[in-house]
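K.L.:
Below you'll find the structure I mean.
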Amino acid sequence: MRLFVLTSLSLFAILAAQPALAVISTNAEHALIMDGDTGQVLWAKDAFVPMPPASMSKLMTIDLVFEELKDGRIKLTSTFPVSEAAWRTGGSTGFTRVGDRLTVEDLIQRIIVVSGNDACVVVAEGLGGTTENFVAMMNARAKQLGLTQSHFVNPNGLPEPPGQAMSALDLAKLARHLIYTYPQYYHYFSVRSYTTTDQGKQITQPNRDLTLDKVQGADGLKTGHTDAAGYGITASAKRDGRRIILVLNGLRYPDYHNDYFPNIKRSEEAGRIIDMAFREFRQYRLFKPGDVVGQAKVWGGTSDDVALTVRDPLALTLQVDSRKNMKAVVKYDGPIKAPVAKGQRIGTLSVTAPDFPGLNVPLYAAHEVPRTGIFGRMMLGLQALISGKSGP
């Protein structure tokens, strides 16, 4: 394995001296900040291991609803019946009643705004036929979306049966998917309250995501709480064309016995970190397709080297203060045996920086390198005979 440290002027131009690195910290047991535009993980704390997601797992239930809406298999006006099993579901309620037929739009708001566990069962039975079938759909969808640290046993995140798990990374990935795949439905995450009628009385419940009114640019997504999970939130905010996605879970507030106060503390913590993320992180454009990132040695070709480039524009988002210690290294197994085709995958650009999870970007041959002619091969054979090496 040959390693080549980049000497590109475009890279060194962003490595100017900066003050000490700002420290991001939280009392949450699991946390992750993601660049919403690129999906790049900016900062993480125990974010890559499965954890109880509580009601944040309802985001997967909503994804399956949005997918069927987008595909035209259901409409917002389609209705599903409320079974006794749905009505008897414990925990937070959307005040469903046995025998009612509720519209998909109504159920979406009962799930998102008031975190109705009963509404999730209505959707599960409506789309899957049974809750068990719907859970199988959730797990298949997680696999399709690359959520490798997720496993579902129910559609709402209740602690029984046990086994529901998602990582902070998977929650951020799923949030980003919802934001960019379903822009026509994403506005439901910003609904401030939901009003229904139960036994002749109107009941209005506020959205438990208090960041919607407390954090600039906040527009979703979902909160969660169980004794095992603690208090959690998957939140997103957009400012000046930039989007930040934040996941927190495992916040503990043992001194509070009224859920309203933990909701305030949770939203304040989310707002504090979102504000810091917008302030401390910047996007730096490094390379565009065709830019020479580095050179790889070639054996048996008409040229001794091949230029390496990226396939897509490369922009890196990281803390302003971490630029001075950012390192970028080209890695490949070489020398590369000719012929080399243009666009052939050659190696990886590895970018590291303090308090940054790291980024690996594939590198490709910027041009072809044909195999050398007969005379060149004879010379290579002679060199191999002298050196005792028969190839790269």
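Going through the structure tokens in order, the chains are called A, B, and so on, while each chain numbers its residues from 1 and the ligands are numbered from 1 in the order shown.
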Please report, as a PyMOL selection string, each residue of segment 103-313 of chain A to which DSSP assigns strand (DSSP E) when run on this structure's backbone.

P.N.:
chain A and resi 103+193-198+201-206+218-226+230-239+242-251+281-287+294-299+305-309

K.L.:
What's the 9 Å shell around Lys173 of chain A, counting only C-alpha atoms, without same-chain residues fewer than 2 positions away, as a list in words?

P.N.:
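What passes the distance filter is Met34, Gly39, Leu145, Gly146, Leu147, Ala168, Leu169, Asp170, Leu171, Ala175, Arg176, His177 and Leu178 of chain A.
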
K.L.:
Name the residues in contact with Phe287 of chain A at a cut-off of 10 Å, using only C-alpha atoms, excluding same-chain residues fewer than 2 positions from it; report them as an MDAnalysis selection string.

P.N.:
chainID A and resid 8 10:11 284:285 289:293 309:316

K.L.:
Hey, what's within 7 Å of Gly301 of chain A if we count only C-alpha atoms and toss same-chain stuff fewer than 4 positions away? As a ChimeraX atom specification, please?

P.N.:
/A:338-339,369-372

K.L.:
Applying 9 Å and only C-alpha atoms, which residues near segment 62-75 of chain A remain after dropping the ones on its own chain fewer than 2 positions away? List them as a list of chain:residue names.

P.N.:
A:Lys58, A:Leu59, A:Met60, A:Thr77, A:Ser78, A:Thr79, A:Thr103, A:Val104, A:Glu105, A:Ile108, A:Ile111, A:Ile112, A:Cys120, A:Val123, A:Leu127, A:Met137, A:Met138, A:Arg141, A:Leu174, A:His177, A:Leu178, A:Thr181, A:Tyr182, A:Gln184, A:Tyr185

K.L.:
Could you save those same residues with N, CA, C and O atoms as a compact mmCIF listing (two decimals), in the first residue's frame?

P.N.:
```
# COMPACT_ATOMS: atom_id res chain seq x y z
N LYS A 58 -41.14 6.10 14.80
CA LYS A 58 -42.33 6.39 14.00
C LYS A 58 -41.97 7.02 12.65
O LYS A 58 -42.79 7.03 11.73
N LEU A 59 -40.75 7.54 12.54
CA LEU A 59 -40.31 8.09 11.25
C LEU A 59 -40.32 7.02 10.17
O LEU A 59 -40.58 7.31 9.00
N MET A 60 -40.04 5.77 10.52
CA MET A 60 -40.09 4.69 9.54
C MET A 60 -41.53 4.38 9.15
O MET A 60 -41.83 4.11 7.98
N THR A 77 -56.86 11.15 1.04
CA THR A 77 -58.28 10.96 1.39
C THR A 77 -58.64 9.50 1.60
O THR A 77 -59.79 9.21 1.99
N SER A 78 -57.72 8.58 1.35
CA SER A 78 -57.99 7.15 1.62
C SER A 78 -58.25 6.97 3.11
O SER A 78 -57.72 7.71 3.94
N THR A 79 -59.07 5.98 3.46
CA THR A 79 -59.41 5.77 4.86
C THR A 79 -59.04 4.36 5.32
O THR A 79 -59.06 3.41 4.54
N THR A 103 -58.94 9.19 7.72
CA THR A 103 -58.20 9.44 6.48
C THR A 103 -56.70 9.33 6.73
O THR A 103 -56.22 9.49 7.86
N VAL A 104 -55.98 9.05 5.67
CA VAL A 104 -54.52 8.97 5.76
C VAL A 104 -53.95 10.30 6.25
O VAL A 104 -53.03 10.32 7.09
N GLU A 105 -54.47 11.41 5.77
CA GLU A 105 -53.97 12.71 6.21
C GLU A 105 -54.19 12.91 7.70
O GLU A 105 -53.32 13.42 8.41
N ILE A 108 -51.66 10.74 9.57
CA ILE A 108 -50.31 11.32 9.52
C ILE A 108 -50.14 12.33 10.65
O ILE A 108 -49.12 12.35 11.36
N ILE A 111 -49.96 10.81 14.10
CA ILE A 111 -48.66 10.17 14.35
C ILE A 111 -47.57 11.21 14.57
O ILE A 111 -46.80 11.13 15.53
N ILE A 112 -47.49 12.20 13.69
CA ILE A 112 -46.39 13.16 13.75
C ILE A 112 -46.57 14.16 14.89
O ILE A 112 -45.67 14.39 15.69
N CYS A 120 -50.53 4.64 14.79
CA CYS A 120 -49.52 3.81 14.11
C CYS A 120 -50.05 2.41 13.84
O CYS A 120 -49.78 1.82 12.78
N VAL A 123 -52.43 2.50 10.89
CA VAL A 123 -51.67 2.53 9.63
C VAL A 123 -51.06 1.16 9.34
O VAL A 123 -51.09 0.68 8.19
N LEU A 127 -51.97 -0.75 5.92
CA LEU A 127 -51.00 -0.97 4.84
C LEU A 127 -50.49 -2.40 4.79
O LEU A 127 -50.19 -2.92 3.71
N MET A 137 -42.39 -5.16 6.71
CA MET A 137 -42.19 -4.11 5.70
C MET A 137 -41.21 -3.06 6.20
O MET A 137 -40.36 -2.56 5.44
N MET A 138 -41.30 -2.70 7.48
CA MET A 138 -40.38 -1.72 8.06
C MET A 138 -38.94 -2.22 8.00
O MET A 138 -38.03 -1.46 7.62
N ARG A 141 -37.70 -2.20 4.43
CA ARG A 141 -37.44 -0.82 4.00
C ARG A 141 -36.12 -0.31 4.61
O ARG A 141 -35.34 0.36 3.92
N LEU A 174 -32.47 8.49 7.91
CA LEU A 174 -33.90 8.40 7.61
C LEU A 174 -34.53 9.79 7.55
O LEU A 174 -35.36 10.06 6.68
N HIS A 177 -33.63 11.34 4.29
CA HIS A 177 -34.41 10.71 3.23
C HIS A 177 -35.82 11.29 3.18
O HIS A 177 -36.34 11.61 2.09
N LEU A 178 -36.46 11.45 4.33
CA LEU A 178 -37.81 12.00 4.37
C LEU A 178 -37.85 13.43 3.84
O LEU A 178 -38.77 13.81 3.10
N THR A 181 -36.85 13.24 -0.18
CA THR A 181 -37.61 12.35 -1.06
C THR A 181 -39.08 12.76 -1.14
O THR A 181 -39.73 12.54 -2.16
N TYR A 182 -39.59 13.36 -0.07
CA TYR A 182 -41.01 13.68 -0.02
C TYR A 182 -41.24 15.17 0.31
O TYR A 182 -41.89 15.51 1.31
N GLN A 184 -43.23 17.19 -0.90
CA GLN A 184 -44.64 17.54 -0.94
C GLN A 184 -45.38 17.15 0.33
O GLN A 184 -46.50 17.63 0.58
N TYR A 185 -44.77 16.31 1.17
CA TYR A 185 -45.41 15.88 2.41
C TYR A 185 -44.64 16.31 3.66
O TYR A 185 -45.15 16.19 4.77
```

K.L.:
Can you tell me, as a PyMOL selection string, what residues are no more than 10 Å from Asp227 of chain A when counting only C-alpha atoms, ignoring any on the same chain fewer than 6 positions away?

P.N.:
chain A and resi 52+54+159+250+252

K.L.:
Tell me which protein, DNA and RNA residues are within 12 Å of Ala86 of chain A, counting only C-alpha atoms, leaving out same-chain ones fewer than 5 positions away, and put them as an NGL selection string.

P.N.:
:A and (80-81 or 91 or 93-100 or 116-126 or 130-131 or 155-156)

K.L.:
Nearest residue to Asp219 of chain A out of A:Gln202, A:Phe189, A:Leu248, A:Val49, using only C-alpha atoms?

P.N.:
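Ranking A:Gln202, A:Phe189, A:Leu248, A:Val49 by distance to Asp219 of chain A, first place goes to A:Phe189.
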
K.L.:
Could you build a table of the residues in segment 201-249 of chain A lying no more than 12 Å from segment 272-279 of chain A, giving for each the nearest pair of atoms and their separation in Å rounded to one decimal place, using only C-alpha atoms, ordered by chain and ascending residue number, as a Markdown table?

P.N.:
```
| residue | atom | partner | partner_atom | distance |
| --- | --- | --- | --- | --- |
| A:Thr211 | CA | A:Ile274 | CA | 10.1 |
| A:Lys214 | CA | A:Arg272 | CA | 10.3 |
| A:Val215 | CA | A:Asp275 | CA | 8.1 |
| A:Gln216 | CA | A:Asp275 | CA | 8.4 |
| A:Gly217 | CA | A:Ile274 | CA | 10.0 |
| A:Ala218 | CA | A:Ile274 | CA | 9.3 |
| A:Thr234 | CA | A:Ile274 | CA | 11.4 |
| A:Ala235 | CA | A:Ile274 | CA | 8.8 |
| A:Ser236 | CA | A:Ile274 | CA | 8.3 |
| A:Ala237 | CA | A:Ile274 | CA | 7.6 |
| A:Lys238 | CA | A:Phe278 | CA | 9.3 |
| A:Arg239 | CA | A:Phe278 | CA | 8.1 |
| A:Asp240 | CA | A:Phe278 | CA | 9.9 |
| A:Gly241 | CA | A:Phe278 | CA | 11.2 |
| A:Arg242 | CA | A:Phe278 | CA | 8.2 |
| A:Arg243 | CA | A:Phe278 | CA | 8.6 |
| A:Ile244 | CA | A:Ile274 | CA | 7.1 |
| A:Ile245 | CA | A:Ile274 | CA | 8.1 |
| A:Leu246 | CA | A:Ile274 | CA | 7.1 |
| A:Val247 | CA | A:Ile273 | CA | 10.1 |
| A:Leu248 | CA | A:Ile273 | CA | 9.8 |
```

K.L.:
Which residues in segment 34-282 of chain A does DSSP call helix (DSSP H, G or I)? List them as an MDAnalysis selection string.

P.N.:
chainID A and resid 54:71 84:87 104:112 117:128 131:144 168:181 186:190 211:214 260:280

K.L.:
If you measure from atom CA of His151 of chain A to atom CA of Leu102 of chain A, what distance in Å do you get, rounded to one decimal?

P.N.:
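Taking atom CA of His151 of chain A as the start and atom CA of Leu102 of chain A as the end point, the length is 28.1 Å.
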